[in-house]
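*Asks:* Please find model_8.cif (mmCIF, C-alpha atoms) on the next line:
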```cif
data_input
loop_
_atom_site.label_atom_id
_atom_site.label_comp_id
_atom_site.auth_asym_id
_atom_site.auth_seq_id
_atom_site.Cartn_x
_atom_site.Cartn_y
_atom_site.Cartn_z
CA MET A 11 -3.43 -19.52 18.94
CA VAL A 12 -3.41 -18.93 22.65
CA VAL A 13 -1.77 -15.76 23.83
CA SER A 14 -0.85 -16.11 27.43
CA HIS A 15 1.14 -13.65 29.43
CA THR A 16 2.92 -16.38 31.31
CA ASN A 17 5.62 -15.08 33.58
CA THR A 18 9.00 -16.47 32.76
CA ASN A 19 12.09 -15.60 34.75
CA ASN A 20 12.29 -12.41 32.65
CA ASN A 21 8.65 -11.51 33.19
CA ARG A 22 8.05 -11.41 29.46
CA PRO A 23 4.94 -12.36 27.54
CA VAL A 24 5.13 -15.74 25.91
CA VAL A 25 3.06 -16.49 22.85
CA LYS A 26 2.07 -20.07 22.25
CA SER A 27 1.52 -20.71 18.59
CA THR A 28 -0.48 -23.89 18.98
CA ASN A 29 -2.80 -23.69 16.00
CA ASP A 30 -1.10 -21.13 13.77
CA HIS A 31 -0.15 -23.84 11.32
CA GLU A 32 -3.71 -25.10 11.20
CA LEU A 33 -4.98 -21.59 10.43
CA ILE A 34 -2.31 -21.12 7.78
CA GLN A 35 -3.35 -24.38 6.15
CA ASN A 36 -6.97 -23.16 6.09
CA VAL A 37 -5.95 -19.84 4.55
CA LEU A 38 -3.98 -21.63 1.87
CA SER A 39 -7.09 -23.64 1.09
CA GLY A 40 -8.91 -20.37 0.47
CA ASP A 41 -10.51 -19.71 3.86
CA LEU A 42 -10.30 -15.96 4.38
CA ARG A 43 -11.90 -16.18 7.83
CA SER A 44 -8.89 -18.07 9.11
CA PHE A 45 -6.70 -15.27 7.86
CA ASP A 46 -8.92 -12.84 9.70
CA GLU A 47 -8.28 -14.87 12.83
CA LEU A 48 -4.54 -14.76 12.26
CA VAL A 49 -4.71 -10.98 11.85
CA ALA A 50 -6.78 -10.65 15.01
CA GLN A 51 -4.18 -12.58 16.97
CA TYR A 52 -1.15 -10.69 15.75
CA GLN A 53 -2.44 -7.22 14.93
CA ASN A 54 -1.65 -5.62 18.28
CA ARG A 55 1.83 -7.09 18.52
CA ILE A 56 2.76 -6.13 14.98
CA TYR A 57 1.18 -2.69 15.19
CA CYS A 58 2.97 -1.92 18.47
CA PHE A 59 6.25 -3.29 17.12
CA ILE A 60 6.03 -1.01 14.09
CA LEU A 61 4.99 1.91 16.28
CA LYS A 62 8.32 1.62 18.11
CA HIS A 63 10.12 2.49 14.88
CA VAL A 64 7.89 4.87 12.93
CA PRO A 65 5.55 7.75 13.76
CA PHE A 66 1.99 7.03 14.84
CA GLU A 67 0.39 8.21 11.59
CA THR A 68 2.41 5.70 9.53
CA ALA A 69 2.36 2.68 11.83
CA GLU A 70 -1.12 1.48 10.89
CA ASP A 71 -0.44 1.66 7.15
CA LEU A 72 2.76 -0.34 7.55
CA ALA A 73 0.99 -2.87 9.76
CA GLN A 74 -1.67 -3.31 7.07
CA ASP A 75 1.00 -3.70 4.40
CA THR A 76 2.64 -6.33 6.59
CA PHE A 77 -0.52 -8.42 6.79
CA ILE A 78 -1.19 -8.06 3.07
CA SER A 79 2.35 -9.30 2.38
CA VAL A 80 1.78 -12.14 4.83
CA TYR A 81 -1.33 -13.15 2.89
CA GLU A 82 0.42 -12.93 -0.45
CA ASN A 83 3.46 -14.91 0.65
CA LEU A 84 1.87 -17.40 2.99
CA ALA A 85 2.62 -20.27 0.62
CA GLN A 86 6.33 -19.57 1.11
CA PHE A 87 6.12 -19.93 4.88
CA HIS A 88 7.98 -23.06 6.02
CA ARG A 89 6.12 -25.25 8.45
CA GLY A 90 9.28 -25.79 10.47
CA SER A 91 9.53 -22.08 11.26
CA LYS A 92 7.68 -20.11 13.87
CA PHE A 93 4.94 -17.98 12.38
CA SER A 94 5.50 -15.11 14.84
CA THR A 95 9.17 -14.91 13.84
CA TRP A 96 8.26 -14.91 10.18
CA ILE A 97 5.71 -12.13 10.55
CA TYR A 98 8.15 -10.04 12.62
CA GLY A 99 10.64 -10.44 9.76
CA ILE A 100 8.12 -9.09 7.26
CA ALA A 101 7.18 -6.19 9.56
CA MET A 102 10.87 -5.41 10.06
CA ASN A 103 11.39 -5.24 6.30
CA LYS A 104 8.42 -2.90 5.92
CA VAL A 105 9.89 -0.61 8.57
CA ARG A 106 13.33 -0.69 6.96
CA ASN A 107 11.93 0.05 3.51
CA TYR A 108 9.92 2.94 4.87
CA LEU A 109 12.89 4.42 6.72
CA ASN A 110 15.29 3.82 3.85
CA ARG A 111 13.08 5.64 1.37
CA ALA A 112 13.74 8.91 3.22
CA PRO A 113 16.54 8.83 5.80
CA GLU A 114 15.20 11.89 7.62
CA ARG A 115 12.27 9.74 8.74
CA ARG A 116 14.62 8.07 11.20
CA TYR A 117 14.74 11.30 13.11
CA LYS A 118 11.03 12.05 13.02
CA HIS A 119 9.56 10.93 16.29
CA ASP A 120 6.16 10.92 17.84
CA SER A 121 5.51 14.01 19.87
CA ALA A 122 5.65 13.71 23.61
CA GLU A 123 2.08 15.03 23.64
CA PHE A 124 0.91 11.99 21.71
CA LEU A 125 2.60 9.62 24.13
CA LEU A 126 1.39 11.65 27.11
CA GLU A 127 -2.17 11.67 25.85
CA LYS A 128 -2.19 7.91 25.73
CA GLN A 129 -0.46 7.56 29.05
CA SER A 130 -2.73 10.00 30.86
CA LYS A 131 -5.48 7.39 30.77
CA GLU A 132 -3.28 5.17 32.86
CA THR A 133 -2.73 5.62 36.54
CA SER A 134 1.05 5.62 36.53
CA PRO A 135 2.70 8.43 38.42
CA LEU A 136 4.17 11.33 36.51
CA GLU A 137 7.75 10.39 37.33
CA ARG A 138 7.21 7.01 35.75
CA LEU A 139 5.78 8.64 32.67
CA GLU A 140 8.81 10.89 32.36
CA GLN A 141 11.02 7.86 32.65
CA THR A 142 9.07 6.14 29.88
CA LEU A 143 9.42 9.14 27.61
CA GLN A 144 13.09 9.33 28.46
CA ILE A 145 13.77 5.73 27.53
CA LYS A 146 11.83 6.17 24.27
CA TYR A 147 14.04 9.15 23.49
CA LEU A 148 17.17 7.15 24.34
CA LEU A 149 16.12 4.30 22.06
CA ASP A 150 15.70 6.72 19.18
CA GLN A 151 19.32 7.80 19.62
CA LEU A 152 20.63 4.30 18.85
CA PRO A 153 21.97 3.27 15.43
CA SER A 154 19.12 1.56 13.57
CA ASP A 155 20.54 -1.98 13.71
CA LEU A 156 21.08 -1.77 17.45
CA LYS A 157 17.64 -0.28 17.98
CA GLU A 158 16.03 -3.06 15.94
CA THR A 159 17.80 -5.69 18.04
CA ILE A 160 17.11 -4.24 21.46
CA VAL A 161 13.47 -3.58 20.57
CA LEU A 162 13.00 -7.20 19.54
CA VAL A 163 14.75 -8.53 22.65
CA SER A 164 13.70 -6.14 25.40
CA LEU A 165 10.37 -4.81 24.17
CA GLU A 166 9.03 -7.69 22.09
CA GLY A 167 10.39 -10.36 24.38
CA LEU A 168 11.91 -12.51 21.65
CA SER A 169 14.73 -14.89 22.48
CA TYR A 170 18.17 -14.43 20.93
CA GLU A 171 17.48 -17.39 18.64
CA GLU A 172 14.24 -15.84 17.42
CA VAL A 173 15.86 -12.46 16.85
CA ALA A 174 18.65 -14.14 14.89
CA GLU A 175 15.96 -15.72 12.68
CA VAL A 176 14.00 -12.48 12.25
CA MET A 177 17.08 -10.44 11.39
CA ASP A 178 18.83 -13.25 9.55
CA ILE A 179 22.07 -12.81 11.48
CA PRO A 180 24.10 -15.20 13.67
CA ILE A 181 23.05 -15.52 17.30
CA GLY A 182 26.48 -14.28 18.46
CA THR A 183 25.86 -11.06 16.56
CA VAL A 184 22.52 -10.68 18.32
CA ARG A 185 24.23 -11.07 21.72
CA SER A 186 26.84 -8.44 20.93
CA LYS A 187 24.32 -6.03 19.39
CA VAL A 188 22.11 -6.23 22.47
CA PHE A 189 25.14 -5.71 24.70
CA ARG A 190 26.31 -2.70 22.68
CA ALA A 191 22.84 -1.21 22.63
CA ARG A 192 22.56 -1.48 26.40
CA GLN A 193 25.98 0.06 26.92
CA ILE A 194 25.10 3.02 24.69
CA LEU A 195 21.73 3.50 26.37
CA LYS A 196 23.32 3.35 29.80
CA ASN A 197 26.05 5.82 28.88
CA ILE A 198 23.63 8.34 27.33
CA ALA A 199 21.38 8.03 30.37
CA LEU A 200 24.32 8.62 32.72
CA GLU A 201 25.48 11.65 30.70
CA GLN A 202 22.04 13.19 30.86
CA LYS A 203 21.62 12.65 34.55
CA PRO A 204 21.88 15.98 36.38
CA MET B 19 23.33 -21.38 24.85
CA VAL B 20 27.09 -21.04 24.85
CA GLU B 21 28.89 -24.20 25.84
CA GLU B 22 30.18 -24.39 29.36
CA ARG B 23 33.75 -23.33 29.97
CA LYS B 24 35.90 -22.55 32.96
CA VAL B 25 38.06 -19.55 32.25
CA ILE B 26 38.96 -16.53 34.29
CA LEU B 27 36.77 -13.68 33.20
CA THR B 28 37.66 -9.99 33.10
CA CYS B 29 35.26 -7.21 34.12
CA ASP B 30 34.50 -6.60 30.42
CA ASP B 31 33.52 -10.25 30.02
CA ILE B 32 31.33 -9.96 33.08
CA THR B 33 29.55 -6.87 31.69
CA PHE B 34 28.74 -8.92 28.61
CA LEU B 35 27.45 -11.73 30.84
CA ILE B 36 25.29 -9.22 32.78
CA SER B 37 23.57 -8.25 29.52
CA ARG B 38 23.01 -11.87 28.56
CA ASN B 39 21.82 -12.69 32.07
CA ILE B 40 19.04 -10.10 31.73
CA ASP B 41 17.77 -12.07 28.75
CA GLY B 42 18.14 -15.45 30.42
CA ASP B 43 20.87 -16.55 28.01
CA LEU B 44 23.44 -17.88 30.51
CA ASN B 45 24.11 -21.50 31.28
CA ARG B 46 24.66 -22.71 34.83
CA SER B 47 28.43 -22.39 34.82
CA GLU B 48 28.31 -18.85 33.40
CA THR B 49 25.70 -17.82 35.98
CA VAL B 50 27.91 -19.12 38.80
CA GLN B 51 30.91 -17.26 37.42
CA LEU B 52 28.90 -14.08 37.08
CA TYR B 53 27.62 -14.09 40.64
CA GLU B 54 30.99 -15.13 42.08
CA HIS B 55 32.56 -12.13 40.35
CA ILE B 56 29.78 -9.75 41.34
CA ALA B 57 30.19 -10.73 44.95
CA THR B 58 33.72 -9.41 44.98
CA CYS B 59 33.74 -6.62 42.34
CA VAL B 60 32.08 -3.30 43.20
CA ASN B 61 32.36 -1.92 39.64
CA CYS B 62 30.59 -4.87 38.09
CA ARG B 63 27.97 -4.70 40.82
CA ASP B 64 27.32 -1.08 39.81
CA GLN B 65 27.16 -2.12 36.18
CA MET B 66 24.62 -4.75 37.06
CA SER B 67 22.40 -2.37 38.99
CA GLN B 68 22.60 0.25 36.21
CA LEU B 69 21.66 -2.28 33.52
CA SER B 70 18.89 -3.66 35.71
CA ALA B 71 17.49 -0.14 36.15
CA LEU B 72 17.65 0.33 32.41
CA GLU B 73 15.82 -2.93 31.84
CA SER B 74 13.19 -1.90 34.34
CA SER B 75 12.59 1.30 32.33
CA MET B 76 12.37 -0.81 29.19
CA SER B 77 9.79 -2.94 30.90
CA ASP B 78 7.76 0.22 31.66
CA LEU B 79 8.03 1.23 28.02
CA ARG B 80 6.84 -2.21 26.98
CA THR B 81 3.81 -1.87 29.25
CA HIS B 82 3.22 1.59 27.86
CA TYR B 83 3.15 0.30 24.28
CA GLN B 84 0.73 -2.46 25.20
CA THR B 85 -1.92 0.24 25.62
CA PHE B 86 -1.82 1.00 21.88
CA SER B 87 -3.88 -0.82 19.29
CA PRO B 88 -4.77 -0.19 15.65
CA SER B 89 -8.07 1.41 14.68
CA PRO B 90 -11.27 -0.70 14.89
CA ASP B 91 -11.56 -0.99 11.10
CA PHE B 92 -8.01 -2.30 10.76
CA ARG B 93 -9.02 -5.83 9.80
CA GLN B 94 -11.73 -4.62 7.48
CA SER B 95 -9.23 -2.47 5.58
CA ILE B 96 -6.94 -5.46 5.13
CA HIS B 97 -9.87 -7.53 3.90
CA LYS B 98 -10.79 -4.87 1.37
CA ALA B 99 -7.21 -4.49 0.14
CA ILE B 100 -6.83 -8.25 -0.30
CA SER B 101 -10.15 -8.60 -2.16
CA LYS B 102 -9.17 -5.76 -4.46
CA LYS B 103 -5.80 -7.34 -5.21
CA LYS B 104 -7.40 -10.73 -5.77
CA LYS B 105 -9.76 -9.34 -8.40
CA ARG B 106 -6.90 -7.60 -10.14
CA ASN B 107 -4.79 -10.74 -10.11
CA THR B 108 -7.45 -13.07 -11.53
CA PHE B 109 -6.72 -12.05 -15.11
CA TYR B 110 -2.98 -12.40 -14.63
CA ASP B 111 -3.44 -15.77 -12.90
CA ASN B 112 -5.46 -17.09 -15.82
CA PHE B 113 -2.86 -15.84 -18.24
CA ALA B 114 -0.05 -17.34 -16.16
CA SER B 115 -1.84 -20.66 -16.02
CA PHE B 116 -2.25 -20.59 -19.81
CA VAL B 117 1.45 -19.85 -20.23
CA GLN B 118 2.29 -22.63 -17.78
CA LYS B 119 0.16 -25.08 -19.75
CA LEU B 120 1.85 -23.92 -22.89
CA ARG B 121 5.26 -24.48 -21.34
CA ASN B 122 4.30 -27.90 -20.07
CA GLY B 123 3.09 -28.83 -23.51
CA LEU B 124 -0.41 -29.63 -22.25
CA LEU B 125 -2.02 -27.69 -25.06
CA PHE B 126 -0.03 -29.61 -27.62
CA SER B 127 -0.85 -33.11 -26.50
CA GLY B 128 -3.45 -35.69 -27.50
CA ARG B 129 -5.51 -35.64 -30.64
CA PHE B 130 -5.04 -31.91 -31.22
CA ARG B 131 -1.30 -32.34 -31.61
CA PRO B 132 -1.17 -32.42 -35.45
CA ALA B 133 -3.47 -29.38 -35.69
CA PHE B 134 -1.32 -27.38 -33.32
CA SER B 135 1.84 -28.44 -35.14
CA ILE B 136 0.41 -27.22 -38.47
CA MET B 137 -0.80 -23.95 -36.89
CA GLY B 138 2.59 -23.37 -35.31
CA THR B 139 4.38 -23.94 -38.60
CA VAL B 140 2.02 -21.56 -40.42
CA VAL B 141 2.54 -18.84 -37.77
CA VAL B 142 6.32 -19.19 -37.93
CA LEU B 143 6.24 -19.06 -41.74
CA CYS B 144 4.02 -15.94 -41.74
CA ILE B 145 6.36 -14.17 -39.32
CA GLY B 146 9.31 -15.18 -41.49
CA VAL B 147 7.69 -13.83 -44.67
CA LEU B 148 6.77 -10.58 -42.94
CA LEU B 149 10.31 -10.09 -41.68
CA TRP B 150 11.77 -10.93 -45.05
CA GLN B 151 9.53 -8.37 -46.74
CA LYS B 152 10.31 -5.66 -44.25
CA GLY B 153 13.97 -6.45 -43.92
CA THR B 154 14.00 -5.09 -40.40
CA VAL B 155 12.51 -5.96 -37.04
CA GLU B 156 10.39 -3.07 -35.84
CA PRO B 157 9.76 -2.60 -32.17
CA PRO B 158 6.14 -2.05 -31.17
CA LEU B 159 5.53 1.65 -30.63
CA SER B 160 3.07 2.59 -27.98
CA LYS B 161 2.67 6.37 -28.07
CA GLU B 162 2.50 8.68 -31.00
CA ARG B 163 5.99 10.01 -31.34
CA LEU B 164 5.96 11.77 -34.69
CA ILE B 165 4.67 15.31 -34.66
CA VAL B 166 4.47 17.71 -37.58
CA TYR B 167 3.94 21.42 -37.07
CA ASP B 168 4.17 24.63 -39.09
CA ILE B 169 6.74 27.28 -38.39
CA PRO B 170 6.28 30.87 -39.61
CA LEU B 171 8.81 31.61 -42.31
CA ARG B 172 10.34 34.51 -40.40
CA THR B 173 11.45 32.35 -37.47
CA ALA B 174 12.45 29.39 -39.59
CA GLU B 175 16.10 30.43 -39.81
CA ASP B 176 17.03 28.86 -36.52
CA ARG B 177 20.28 27.86 -34.94
CA VAL B 178 19.79 24.14 -35.17
CA GLY B 179 23.00 22.39 -36.26
CA TRP B 180 21.43 20.44 -39.13
CA ASN B 181 23.31 17.25 -39.95
CA GLN B 182 22.06 16.43 -43.42
CA GLN B 183 20.39 18.21 -46.33
CA HIS B 184 18.45 16.54 -49.10
CA THR B 185 16.12 17.57 -51.87
CA ILE B 186 13.05 15.46 -52.51
CA LEU B 187 12.01 15.85 -56.12
CA PRO B 188 8.37 15.57 -57.24
CA SER B 189 7.03 12.00 -56.97
CA GLN B 190 10.15 10.98 -55.11
CA THR B 191 10.25 9.32 -51.67
CA ILE B 192 13.01 9.55 -49.15
CA ARG B 193 13.34 6.93 -46.46
CA LEU B 194 15.05 8.03 -43.27
CA ASN B 195 16.24 4.98 -41.34
CA ILE B 196 17.09 5.55 -37.70
CA ARG B 197 20.33 3.80 -36.94
CA GLU B 198 20.93 5.02 -33.38
CA SER B 199 18.44 5.32 -30.54
CA HIS B 200 18.44 8.44 -28.41
CA SER B 201 16.49 9.86 -25.50
CA GLU B 202 16.32 13.29 -27.15
CA PRO B 203 14.11 13.80 -30.22
CA TYR B 204 15.42 14.00 -33.78
CA PHE B 205 14.14 16.87 -35.95
CA PHE B 206 13.40 17.14 -39.63
CA LYS B 207 12.75 20.42 -41.37
CA VAL B 208 10.89 20.48 -44.70
CA SER B 209 10.58 23.62 -46.76
CA SER B 210 9.46 24.62 -50.21
CA LEU B 211 9.18 27.87 -52.07
CA ASN B 212 5.83 26.83 -53.60
CA PRO B 213 2.84 25.14 -52.01
CA VAL B 214 3.36 21.40 -52.21
CA GLY B 215 1.65 18.32 -50.85
CA TYR B 216 3.58 15.50 -49.23
CA SER B 217 2.91 12.47 -47.10
CA ILE B 218 4.70 10.93 -44.17
CA THR B 219 4.76 7.28 -43.27
CA HIS B 220 6.56 6.30 -40.13
CA SER B 221 7.22 3.01 -38.46
CA GLN B 222 4.59 3.66 -35.84
CA LYS B 223 1.82 3.77 -38.43
CA VAL B 224 3.13 1.87 -41.41
CA LYS B 225 -0.25 1.43 -43.09
CA ARG B 226 -1.51 4.93 -42.51
CA PRO B 227 0.45 7.61 -44.35
CA GLN B 228 -0.44 11.11 -43.25
CA ASP B 229 -0.88 13.84 -45.84
CA PHE B 230 0.35 17.36 -45.27
CA GLN B 231 0.31 20.59 -47.21
CA LEU B 232 3.59 22.44 -47.14
CA ASN B 233 3.45 26.15 -47.61
CA GLY B 234 6.71 27.49 -46.28
CA VAL B 235 8.42 25.57 -43.49
CA GLN B 236 7.35 22.69 -41.32
CA TYR B 237 9.12 20.89 -38.55
CA ILE B 238 8.79 17.18 -37.90
CA THR B 239 9.77 15.90 -34.50
CA LEU B 240 10.47 12.24 -33.86
CA LYS B 241 10.37 11.75 -30.13
CA ASN B 242 12.42 9.02 -28.47
CA PRO B 243 13.97 7.75 -31.73
CA GLN B 244 14.70 4.07 -31.66
CA LEU B 245 16.89 1.79 -33.72
CA TYR B 246 14.93 0.50 -36.74
CA ASP B 247 12.44 3.38 -36.67
CA PHE B 248 11.97 4.91 -40.08
CA VAL B 249 10.22 7.90 -41.63
CA ASN B 250 9.21 7.96 -45.30
CA ILE B 251 8.53 11.34 -46.86
CA ARG B 252 6.90 11.37 -50.31
CA ASN B 253 6.62 14.45 -52.44
CA HIS B 254 3.19 14.57 -54.15
CA GLY B 255 3.59 18.06 -55.56
CA THR B 256 5.26 19.65 -58.53
CA SER B 257 8.00 21.55 -56.66
CA PRO B 258 11.01 20.09 -54.86
CA ILE B 259 11.00 19.84 -51.07
CA HIS B 260 14.14 20.72 -49.17
CA LEU B 261 14.79 18.48 -46.20
CA LYS B 262 17.20 18.99 -43.31
CA THR B 263 17.73 16.50 -40.54
CA PHE B 264 19.03 16.90 -37.03
CA SER B 265 20.17 13.97 -34.92
CA HIS B 266 22.76 13.62 -32.18
CA SER B 267 25.24 12.34 -34.76
CA PRO B 268 25.23 12.42 -38.59
CA GLN B 269 25.32 8.60 -38.70
CA ALA B 270 22.18 8.29 -36.62
CA ILE B 271 20.01 8.78 -39.70
CA GLN B 272 20.47 6.95 -42.97
CA ALA B 273 18.71 8.57 -45.95
CA ILE B 274 17.71 6.45 -48.93
CA PHE B 275 15.85 7.71 -51.99
CA LYS B 276 13.25 5.47 -53.55
#
```
Written as C-alpha cells, how would this file's structure read?
*Replies:*
Amino acid sequence: MVVSHTNTNNNRPVVKSTNDHELIQNVLSGDLRSFDELVAQYQNRIYCFILKHVPFETAEDLAQDTFISVYENLAQFHRGSKFSTWIYGIAMNKVRNYLNRAPERRYKHDSAEFLLEKQSKETSPLERLEQTLQIKYLLDQLPSDLKETIVLVSLEGLSYEEVAEVMDIPIGTVRSKVFRARQILKNIALEQKP
Amino acid sequence: MVEERKVILTCDDITFLISRNIDGDLNRSETVQLYEHIATCVNCRDQMSQLSALESSMSDLRTHYQTFSPSPDFRQSIHKAISKKKKRNTFYDNFASFVQKLRNGLLFSGRFRPAFSIMGTVVVLCIGVLLWQKGTVEPPLSKERLIVYDIPLRTAEDRVGWNQQHTILPSQTIRLNIRESHSEPYFFKVSSLNPVGYSITHSQKVKRPQDFQLNGVQYITLKNPQLYDFVNIRNHGTSPIHLKTFSHSPQAIQAIFK
C-alpha cells in the first residue's frame, strides 16, 4: 500500500490501498510476513485514532487487540470493501467496548502534561499548543456518537461515505452528526472565550 | 452527493451547507447557492468564519496526533499474541474438523460404512441399556459437591428448619432423590446414640461408596443440588441412624427406602 499525503481541496491525507487485497490474500494463504506488512502500514493510523478516544496507557493495548481481531477475522473481509474502512470499524468497536465496560472511562482524559511533553519537541508556538489542548478538551465534551463522527471526518480525513460504512449508519446521519458536533464545539468555544 | 435542487435556502440550511462544504460534500449547485447567500448575509458569513477557525484548530490537532506512534515492539507483541493463539487453537481446529467430517458423513462412507453402522448401533444400544438400568439421566458432575463433616454434640441442636425426618434401620439403605435444583446447598444431618458405620453413595461417584463412622452427629452438605442427583445412605451398623434433611422445599427431596 502506498501512503501518500496528497493534498486534496481539504488538505487531508489520502491513503491509496493499491495492494491491500494482495497482502490480505497472502495472509489468508498463511503468510504471516504479509500481515506484518499490513500492520506496519496501518499501525500509526489506528493507534492515533484510538488515542483520540482513550487514555495513552490503554491505546496501545486496544490497537494490538484491533490487529489481532483483524487477523482472526480476515477471512470475513469482503473484497469489495475498503480495508481501511473495515479496520477503522474494528478499532471503533474496541474503543466502544472499552468505554462501555466502565462509563467513567469516558471522562478520563490524558493529562495536559502528557500532551505538552509530546508537543514540546515540536517547534509550534505556545499559543498554538494551547489551542490544540483546547480543541482536545472541547472534543471530549461531545456526546460519544458525535465525537466518533467528527473524529473520523475531521481528524482521520474519512469521507462521509466511508464514515457511514465504518459506523454502519446512513450517510445523511453522518452529515447531520458532523453538523451537530461542529455547532456544539463552536458554541462551547464561544462560551469559553473571555 | 445530494442531488441538485433549486430551492430558497434559509440561514439554518446554509449553516448545514457550510459544514458540508468544509468536508467537500457539496455539489456545484449547492456551492453556488452557499456563496450567493454568504455574499449577502453577514450572520452566515460569521458562521462560516467561526466554523473555518474551528476546522483550522482541528487540523492542528490532527498534525499534533501525527507525532504519536506505538512503541517499537508493537508489531512483535502482535506476532507473539497471534502465535500463542494459533497454538491454542490447533487442538480445537482438529476437533472441529473431525466434527465437520462427522457431520458431512465422510467418516461413514466407503468400505468402512458397515463397520461404522454396526459400531453406532452397539453404542446406541449400550447407552439405552445403561439408561434403562439407571432409570434416570444423570448430568456429569465436575467438582466434588458432597461433603461430610462431624459436629460436636453440644452444638448439634441448631436452628435449621429440617424438612424431613427418617430412621435408617440396620442394613437398610435410603435413597434421597433430588427433584429440584437449587443454587444453595441442601443439608442432611445423621445422628445415632451408639457408634455406627454407614456408607454414602452419591451420583457424582456412583461406583465409589464412601464409608463413615458415626459417633454422635454428622452433617452432609450437597452443594449446588441438581435435578436427578441422588444420595444413598446405607446403615452398616447395629443401631438405627436418624436422618434429617433440609432443602428449599419439602418436595425437593424424595426419600425411598431400599
*Asks:* Residue by residue, what does the PyMOL selection byres ((chain A) within 8 of (chain B)) grab here? Present the result as an NGL selection string.
*Replies:* :A and (19-20 or 46 or 49-50 or 53-54 or 57-58 or 70 or 74 or 77-78 or 128-129 or 138 or 141-142 or 145-146 or 163-166 or 169-170 or 185-186 or 188-189 or 192 or 195-196)
*Asks:* Just say which residues the PyMOL selection byres ((chain A and resi 105) around 12) picks in this file, as a short mmCIF file (atom, residue, chain, number, x, y, z; two decimals) with C-alpha atoms, keeping the file's coordinate frame.
*Replies:*
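part.cif was written with the following content:
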```cif
data_model
loop_
_atom_site.label_atom_id
_atom_site.label_comp_id
_atom_site.auth_asym_id
_atom_site.auth_seq_id
_atom_site.Cartn_x
_atom_site.Cartn_y
_atom_site.Cartn_z
CA ILE A 56 2.76 -6.13 14.98
CA TYR A 57 1.18 -2.69 15.19
CA PHE A 59 6.25 -3.29 17.12
CA ILE A 60 6.03 -1.01 14.09
CA LEU A 61 4.99 1.91 16.28
CA LYS A 62 8.32 1.62 18.11
CA HIS A 63 10.12 2.49 14.88
CA VAL A 64 7.89 4.87 12.93
CA PRO A 65 5.55 7.75 13.76
CA THR A 68 2.41 5.70 9.53
CA ALA A 69 2.36 2.68 11.83
CA GLU A 70 -1.12 1.48 10.89
CA ASP A 71 -0.44 1.66 7.15
CA LEU A 72 2.76 -0.34 7.55
CA ALA A 73 0.99 -2.87 9.76
CA GLN A 74 -1.67 -3.31 7.07
CA ASP A 75 1.00 -3.70 4.40
CA THR A 76 2.64 -6.33 6.59
CA TYR A 98 8.15 -10.04 12.62
CA GLY A 99 10.64 -10.44 9.76
CA ILE A 100 8.12 -9.09 7.26
CA ALA A 101 7.18 -6.19 9.56
CA MET A 102 10.87 -5.41 10.06
CA ASN A 103 11.39 -5.24 6.30
CA LYS A 104 8.42 -2.90 5.92
CA ARG A 106 13.33 -0.69 6.96
CA ASN A 107 11.93 0.05 3.51
CA TYR A 108 9.92 2.94 4.87
CA LEU A 109 12.89 4.42 6.72
CA ASN A 110 15.29 3.82 3.85
CA ARG A 111 13.08 5.64 1.37
CA ALA A 112 13.74 8.91 3.22
CA PRO A 113 16.54 8.83 5.80
CA ARG A 115 12.27 9.74 8.74
CA ARG A 116 14.62 8.07 11.20
CA SER A 154 19.12 1.56 13.57
CA ASP A 155 20.54 -1.98 13.71
CA GLU A 158 16.03 -3.06 15.94
#
```
*Asks:* Go ahead and compute the interatomic distance for CA of Pro203 (chain B) and CA of His254 (chain B), in Å to one decimal.
*Replies:*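 Here the two named atoms are 26.3 Å from each other.
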*Asks:* One number please: CA of Asn250 (chain B) to CA of Ile145 (chain B), in Å, one decimal.
*Replies:*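 Rounded to one decimal, the two atoms are 23.1 Å apart.
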*Asks:* Report, in Å with one decimal, the straight-line distance from CA of Ile32 (chain B) to CA of Asn45 (chain B).
*Replies:*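 Distance reported for this atom pair: 13.7 Å.
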*Asks:* Find the spatial neighbours of region 228-243 of chain B, counting all atoms listed in the file, within a cut-off of 10 Å - ignore same-chain residues fewer than 4 positions away - and output them as number ranges by chain.
*Replies:* B: 161-175, 196-220, 223, 247-249, 251-255, 259-265, 270
*Asks:* What would the selection look like, as a list in words, if the PyMOL selection byres ((chain A and resi 32) around 12) were run on the coordinates I just shared?
*Replies:* Met11, Ser27, Thr28, Asn29, Asp30, His31, Leu33, Ile34, Gln35, Asn36, Val37, Leu38, Ser39, Asp41, Ser44, Phe45, Glu47, Leu48, Arg89 and Phe93 of chain A
